[in-house]
Amino acid sequence: MGSRIQVCLLVISVQILLVAAQMNNLDFAALNALKEIWKNTPLNWVGSDPCGKSGKSWEGIHCTNSRVTSITLASMGLTGQLSGDIQGLSELQTLDLSYNSGLIGSLPQSIGNLTKLSNLILVSCGFSGPIPETIGSLQQLSILSLTSNSFSGPIPPSIGNLSNLYWLDLSGNKLSGTIPVSPGLDMLVNAKHFHCGRNQFSGEIPSQLFNANMSLIHVLFDNNKLNGKIPSTLGLVKTLEILFLSNNQLTGPFPDLTGLNSLNHVDLSNNTFDKTDFPPWVETLRSLETLMMEDTGLQGQIPDAFFSLPLLIKVVLRNNKLNGTLVVNSDSSVHLQLIDLQNNYITDYMVGTRFNSELILVGNPVCEGARGTESHCIIQQSNSSYSIEPKTCMQVTCKSHQISSPNCRCAYPYTGLLILGAPSFNVKNSNIYTSLENYLMRSFQSYQLPVDSVSLSKNPDDSLIILSLEVFPYGVEHFDRTGISGIAFVLSNMTFYPMKPFGPLFFIADPYSYFAGTKKSSSAGIIGVAVGCSLLVLLCLLAGIYAFHQKRRAEISDKQNNPFASWHRNESNGGAPQLKGARCFSFEELKKYTNTFSDANCIGVGGYGKVYRGTLPSEQLVAIKRAKQGSTQGDLEFKSELELLSRVHHKNVVSLVGFCFEQDEQMLVYEYIANGTLKESLSGLLGS
């Protein structure tokens with residue numbers, strides 16, 4: 001009897017092993033299919049054992065019990081499409097392909113077969129087409145982040161099936177249609193984040209979208225085409241902390257938000273609400289830090305008690321019809337830093353003796369006549385900057401593309417831009433940046449990532465909300481692909497939400513410079529190239545004279561028509577900038593449009609140089625930012641700035657019209673915004 005039991009157990013064990021082996025083969029087949037479609041996959045994706053039972057696993061692949069459970073390949077320079085073969089990874093829990101702009105095409109319908117997926121993170125890729133309806137089958141999903149792609153069409157109503165969803169980020173796409181409810185977003189009662197800004201959603205905000213059972217802390221639907229009134233049901237979401245509904249076509253009265261005791265940042269700017277007095281419910285928001293209601297139809301007088309809210313930091317109420325006497329008593333919030341009331345009807349103001357915040361009253365009757373020279377009637381230029389102070393150490397000379405870290409080690413850092421969605425801090429306080437650097441280090445250490453140090457910097461003429469980030473490797477010259485993917489995961493993951501003064505953060509990664517220099521090679525390839533070159537020598541010599549003359553003619557033509565033409569042949573510059581819609585102006589054109597850069601047309605001065613008002617032949621007004629002679633930034637920096645600005649399309653951000661890059665000049669041409677500076681216009685950049 002005992003022997004029969006042993007035989008049965010042996011048979012069962014063999015069957016289990018066979019099934020496991022079969023499933024392992026399915027995982028390998030799926031990964032191998034992706035490898036065939038994708039370019040620039042990690043160099044160690046070789047062999048038939050991605051889980052590394054016999055050695056090291058494939059980079060970016062994590063396995064549990066010999067099954068693939070995680071793929072993290074952020075910032076790998078991958079190109080290609082995400083094929084339906086992904087469905088073969090039936091145990092997959094995390095898929096992070098962020099910051100691979102070369103990944104294009106639609107998401108396959110078969111992605112709905114990955115029923116154990118909990119993290120789907122595709123930030124800043126090149127995906128397009130509709131979000132598949134099968135997304136609703138991923139009922140274990142807790143993070144769905146598809147921000148900054150080109151997805152189009154409506155949000156599939158099946159998304160309401162994701163009962164475990166915590167973080168929903170669809171911002172920065174081309175999604176359209178109405179907000180789906182019943183079924184739809186109203187069913188996501190456990191979600192804390194609705195990030196849906198910078199799309200093309202239309203129609204009214206459904207009243208069913210909000211209910212008292214929801215756990216939302218962020219509602220971000222800014223920069224869409226939503227119309228109608230804001231539903232009163234919004235006031236039922238008592239957990240709400242940040243509300244962005246700016247830059248839509250909303251109408252009707254302001255909703256009553258009394259009782260939202262956690263609400264700290266409200267932006268309803270640039271909508272066509274009914275003309276109404278300053279809403280009394282605002283005075284009840286004891287946690288309010290930032291109130292932005294620019295161009296919203298506000299009228300009447302601001303109650304004196306409003307400025308006494310204990311946590312109030314920033315108030316922007318430009319372009320309304322507020323009137324009477326502005327009173328800011330001595331008992332105003334000790335945190336208050338800015339009151340911007342430009343272009344209203346304020347006739348007088350009274351401030352307490354302890355008031356030392358920035359007050360801007362430009363464009364109000366109070367600033368007419370003799371009082372126009374008072375400090376509150378003049379916009380002050382800010383030249384604040386920040387960069388980490390390096391430790392005292394011996395000066396070192398680093399290799400090309402390497403940078404000395406704050407700990408004085410030469411390395412290839414992972415770099416990018418941190419964009420602060422809702423900042424509420426004093427930009428001149430360097431301690432606040434140091435605290436963010438420390439937070440970043442703690443975040444990377446908690447994931448056991450090999451990070452030596454981080455460095456943040458802010459240029460004097462940058463918008464307040466854009467910081468340059470450098471992350472340096474620990475003990476080596478460069479990160480491997482696993483380290484880069486881990487860092488990118490932290491920066492794109494919902495757990496990366498630091499102290500409240502910074503608000504929601506958005507990270508734009510640069511291609512990792514070390515990977516850009518990694519080449520695949522083989523001795524056979526080298527020999528083949530040598531033989532081929534030998535056979536071509538004669539032809540090259542015969543064609544040399546003709547090619548030389550043609551090249552000279554092309555260079556002259558390129559130089560006249562494209563100031564970046566030579567960059568196409570310069571790998572150190574990364575090639576010519578990839579611009580979207582920006583026109584190239586000649587120096588003589590801009591000289592003409594500004595009346596030879598006359599002082600009368602100068603509208604601003606900063607550390608970078610001057611800003612001039614100009615008029616194009618089409619009669620369009622423009623603002624021309626001209627760098628100082630002899631102190632211009634490098635070609636790479638100018639190229640990067642051009643590419644970033646040409647990609648930004650935001651209703652509350654000044655648009656880049658074009659540029660000039662000739663005769664040692666670096667100039668950027670923006671649309672002209674009346675009654676405001678470029679810096680102010682840029683301050684709304686990526687507010688979601």
# chains A, B, ... in the order shown; residues from 1 in each chain; ligands from 1

$ residues_around --residues "Gln666 of chain A" --least-positions-apart "5" --cutoff "6 Å" --atoms "only C-alpha atoms" --output "list in words"
Ala627, Cys660 and Phe661 of chain A

$ residues_around --residues "segment 141-156 of chain A" --least-positions-apart "6" --cutoff "8 Å" --atoms "only C-alpha atoms" --output "JSON, numbers by chain"
{"A": [116, 117, 118, 119, 120, 121, 122, 123, 124, 125, 126, 127, 128, 129, 130, 131, 132, 133, 162, 164, 165, 166, 167, 168, 169, 170, 171, 172, 173, 174, 175, 176, 177, 178, 179, 180, 184, 494]}

$ write_last_selection --atoms "N, CA and C atoms" --output "short mmCIF file (atom, residue, chain, number, x, y, z; two decimals), in the first residue's frame"
data_model
loop_
_atom_site.label_atom_id
_atom_site.label_comp_id
_atom_site.auth_asym_id
_atom_site.auth_seq_id
_atom_site.Cartn_x
_atom_site.Cartn_y
_atom_site.Cartn_z
N LYS A 116 -2.97 39.07 -13.37
CA LYS A 116 -2.27 39.27 -12.10
C LYS A 116 -1.50 40.59 -12.07
N LEU A 117 -1.64 41.38 -13.12
CA LEU A 117 -0.90 42.64 -13.21
C LEU A 117 -1.41 43.63 -12.17
N SER A 118 -0.47 44.18 -11.39
CA SER A 118 -0.83 45.18 -10.38
C SER A 118 -0.26 46.56 -10.70
N ASN A 119 0.82 46.63 -11.49
CA ASN A 119 1.44 47.90 -11.86
C ASN A 119 1.64 47.96 -13.36
N LEU A 120 0.94 48.87 -14.04
CA LEU A 120 1.13 49.09 -15.46
C LEU A 120 1.57 50.54 -15.62
N ILE A 121 2.88 50.74 -15.88
CA ILE A 121 3.48 52.08 -15.88
C ILE A 121 4.16 52.30 -17.23
N LEU A 122 3.56 53.16 -18.05
CA LEU A 122 4.07 53.45 -19.39
C LEU A 122 4.18 54.96 -19.55
N VAL A 123 5.00 55.60 -18.73
CA VAL A 123 5.13 57.05 -18.72
C VAL A 123 6.08 57.50 -19.84
N SER A 124 5.69 58.53 -20.58
CA SER A 124 6.55 59.17 -21.59
C SER A 124 7.08 58.17 -22.61
N CYS A 125 6.19 57.35 -23.15
CA CYS A 125 6.52 56.50 -24.29
C CYS A 125 5.89 57.12 -25.53
N GLY A 126 5.78 56.36 -26.60
CA GLY A 126 5.18 56.88 -27.83
C GLY A 126 3.92 56.14 -28.22
N PHE A 127 3.25 55.51 -27.25
CA PHE A 127 2.05 54.73 -27.56
C PHE A 127 0.92 55.62 -28.04
N SER A 128 0.06 55.07 -28.89
CA SER A 128 -1.05 55.83 -29.46
C SER A 128 -2.26 54.91 -29.58
N GLY A 129 -3.31 55.45 -30.21
CA GLY A 129 -4.53 54.66 -30.37
C GLY A 129 -5.35 54.62 -29.10
N PRO A 130 -6.44 53.87 -29.10
CA PRO A 130 -7.33 53.83 -27.94
C PRO A 130 -6.77 52.98 -26.80
N ILE A 131 -7.20 53.31 -25.60
CA ILE A 131 -6.93 52.42 -24.46
C ILE A 131 -7.87 51.23 -24.60
N PRO A 132 -7.35 50.01 -24.67
CA PRO A 132 -8.23 48.86 -24.96
C PRO A 132 -9.27 48.64 -23.88
N GLU A 133 -10.47 48.26 -24.30
CA GLU A 133 -11.56 47.96 -23.37
C GLU A 133 -11.18 46.84 -22.41
N LEU A 162 -11.94 48.20 -12.08
CA LEU A 162 -10.65 48.10 -11.38
C LEU A 162 -10.83 48.51 -9.92
N ASN A 164 -9.45 47.72 -7.25
CA ASN A 164 -8.26 47.90 -6.41
C ASN A 164 -7.40 49.07 -6.86
N LEU A 165 -7.86 49.82 -7.84
CA LEU A 165 -7.04 50.90 -8.39
C LEU A 165 -6.85 52.01 -7.36
N TYR A 166 -5.58 52.38 -7.18
CA TYR A 166 -5.19 53.44 -6.25
C TYR A 166 -4.78 54.69 -7.00
N TRP A 167 -4.07 54.52 -8.10
CA TRP A 167 -3.46 55.63 -8.83
C TRP A 167 -3.85 55.54 -10.30
N LEU A 168 -4.59 56.54 -10.80
CA LEU A 168 -4.97 56.61 -12.20
C LEU A 168 -4.36 57.88 -12.79
N ASP A 169 -3.45 57.72 -13.74
CA ASP A 169 -2.80 58.86 -14.38
C ASP A 169 -2.89 58.69 -15.89
N LEU A 170 -3.77 59.50 -16.51
CA LEU A 170 -3.95 59.50 -17.96
C LEU A 170 -3.58 60.84 -18.56
N SER A 171 -2.89 61.68 -17.80
CA SER A 171 -2.62 63.05 -18.22
C SER A 171 -1.66 63.11 -19.41
N GLY A 172 -1.76 64.23 -20.15
CA GLY A 172 -0.82 64.47 -21.24
C GLY A 172 -0.99 63.54 -22.43
N ASN A 173 -2.24 63.21 -22.78
CA ASN A 173 -2.52 62.40 -23.96
C ASN A 173 -3.46 63.17 -24.89
N LYS A 174 -4.15 62.46 -25.78
CA LYS A 174 -5.13 63.07 -26.68
C LYS A 174 -6.50 62.44 -26.48
N LEU A 175 -6.77 62.03 -25.25
CA LEU A 175 -8.03 61.38 -24.94
C LEU A 175 -9.18 62.37 -25.08
N SER A 176 -10.32 61.88 -25.53
CA SER A 176 -11.45 62.75 -25.80
C SER A 176 -12.74 62.10 -25.30
N GLY A 177 -13.87 62.73 -25.65
CA GLY A 177 -15.15 62.20 -25.21
C GLY A 177 -15.50 62.67 -23.81
N THR A 178 -16.56 62.14 -23.28
CA THR A 178 -17.03 62.53 -21.95
C THR A 178 -16.41 61.64 -20.88
N ILE A 179 -16.52 62.08 -19.63
CA ILE A 179 -16.01 61.30 -18.50
C ILE A 179 -17.00 60.17 -18.22
N PRO A 180 -16.58 58.91 -18.33
CA PRO A 180 -17.53 57.80 -18.17
C PRO A 180 -17.91 57.56 -16.70
N GLY A 184 -17.89 53.41 -14.87
CA GLY A 184 -16.83 54.36 -15.15
C GLY A 184 -16.09 54.75 -13.90
N MET A 494 3.82 56.07 -8.03
CA MET A 494 2.96 56.89 -7.17
C MET A 494 3.53 57.05 -5.77
#

$ closest_residue --among "A:Glu477, A:Asp186, A:Asp348, A:Glu368" --to "Val327 of chain A" --atoms "only C-alpha atoms"
A:Asp348

$ closest_residue --among "A:Leu92, A:Phe278, A:Val366, A:Leu312" --to "Ile339 of chain A" --atoms "only C-alpha atoms"
A:Leu312

$ closest_residue --among "A:Asn319, A:Asn247, A:Asn407, A:Thr353" --to "Asp331 of chain A" --atoms "only C-alpha atoms"
A:Thr353

$ select_by_dssp --residues "segment 126-298 of chain A" --states "strand (DSSP E)" --output "PyMOL selection string"
chain A and resi 126-129+143-145+150-153+167-169+174-177+193-195+200-204+218-220+225-228+242-244+249-250+265-267+276-277+290-292+298
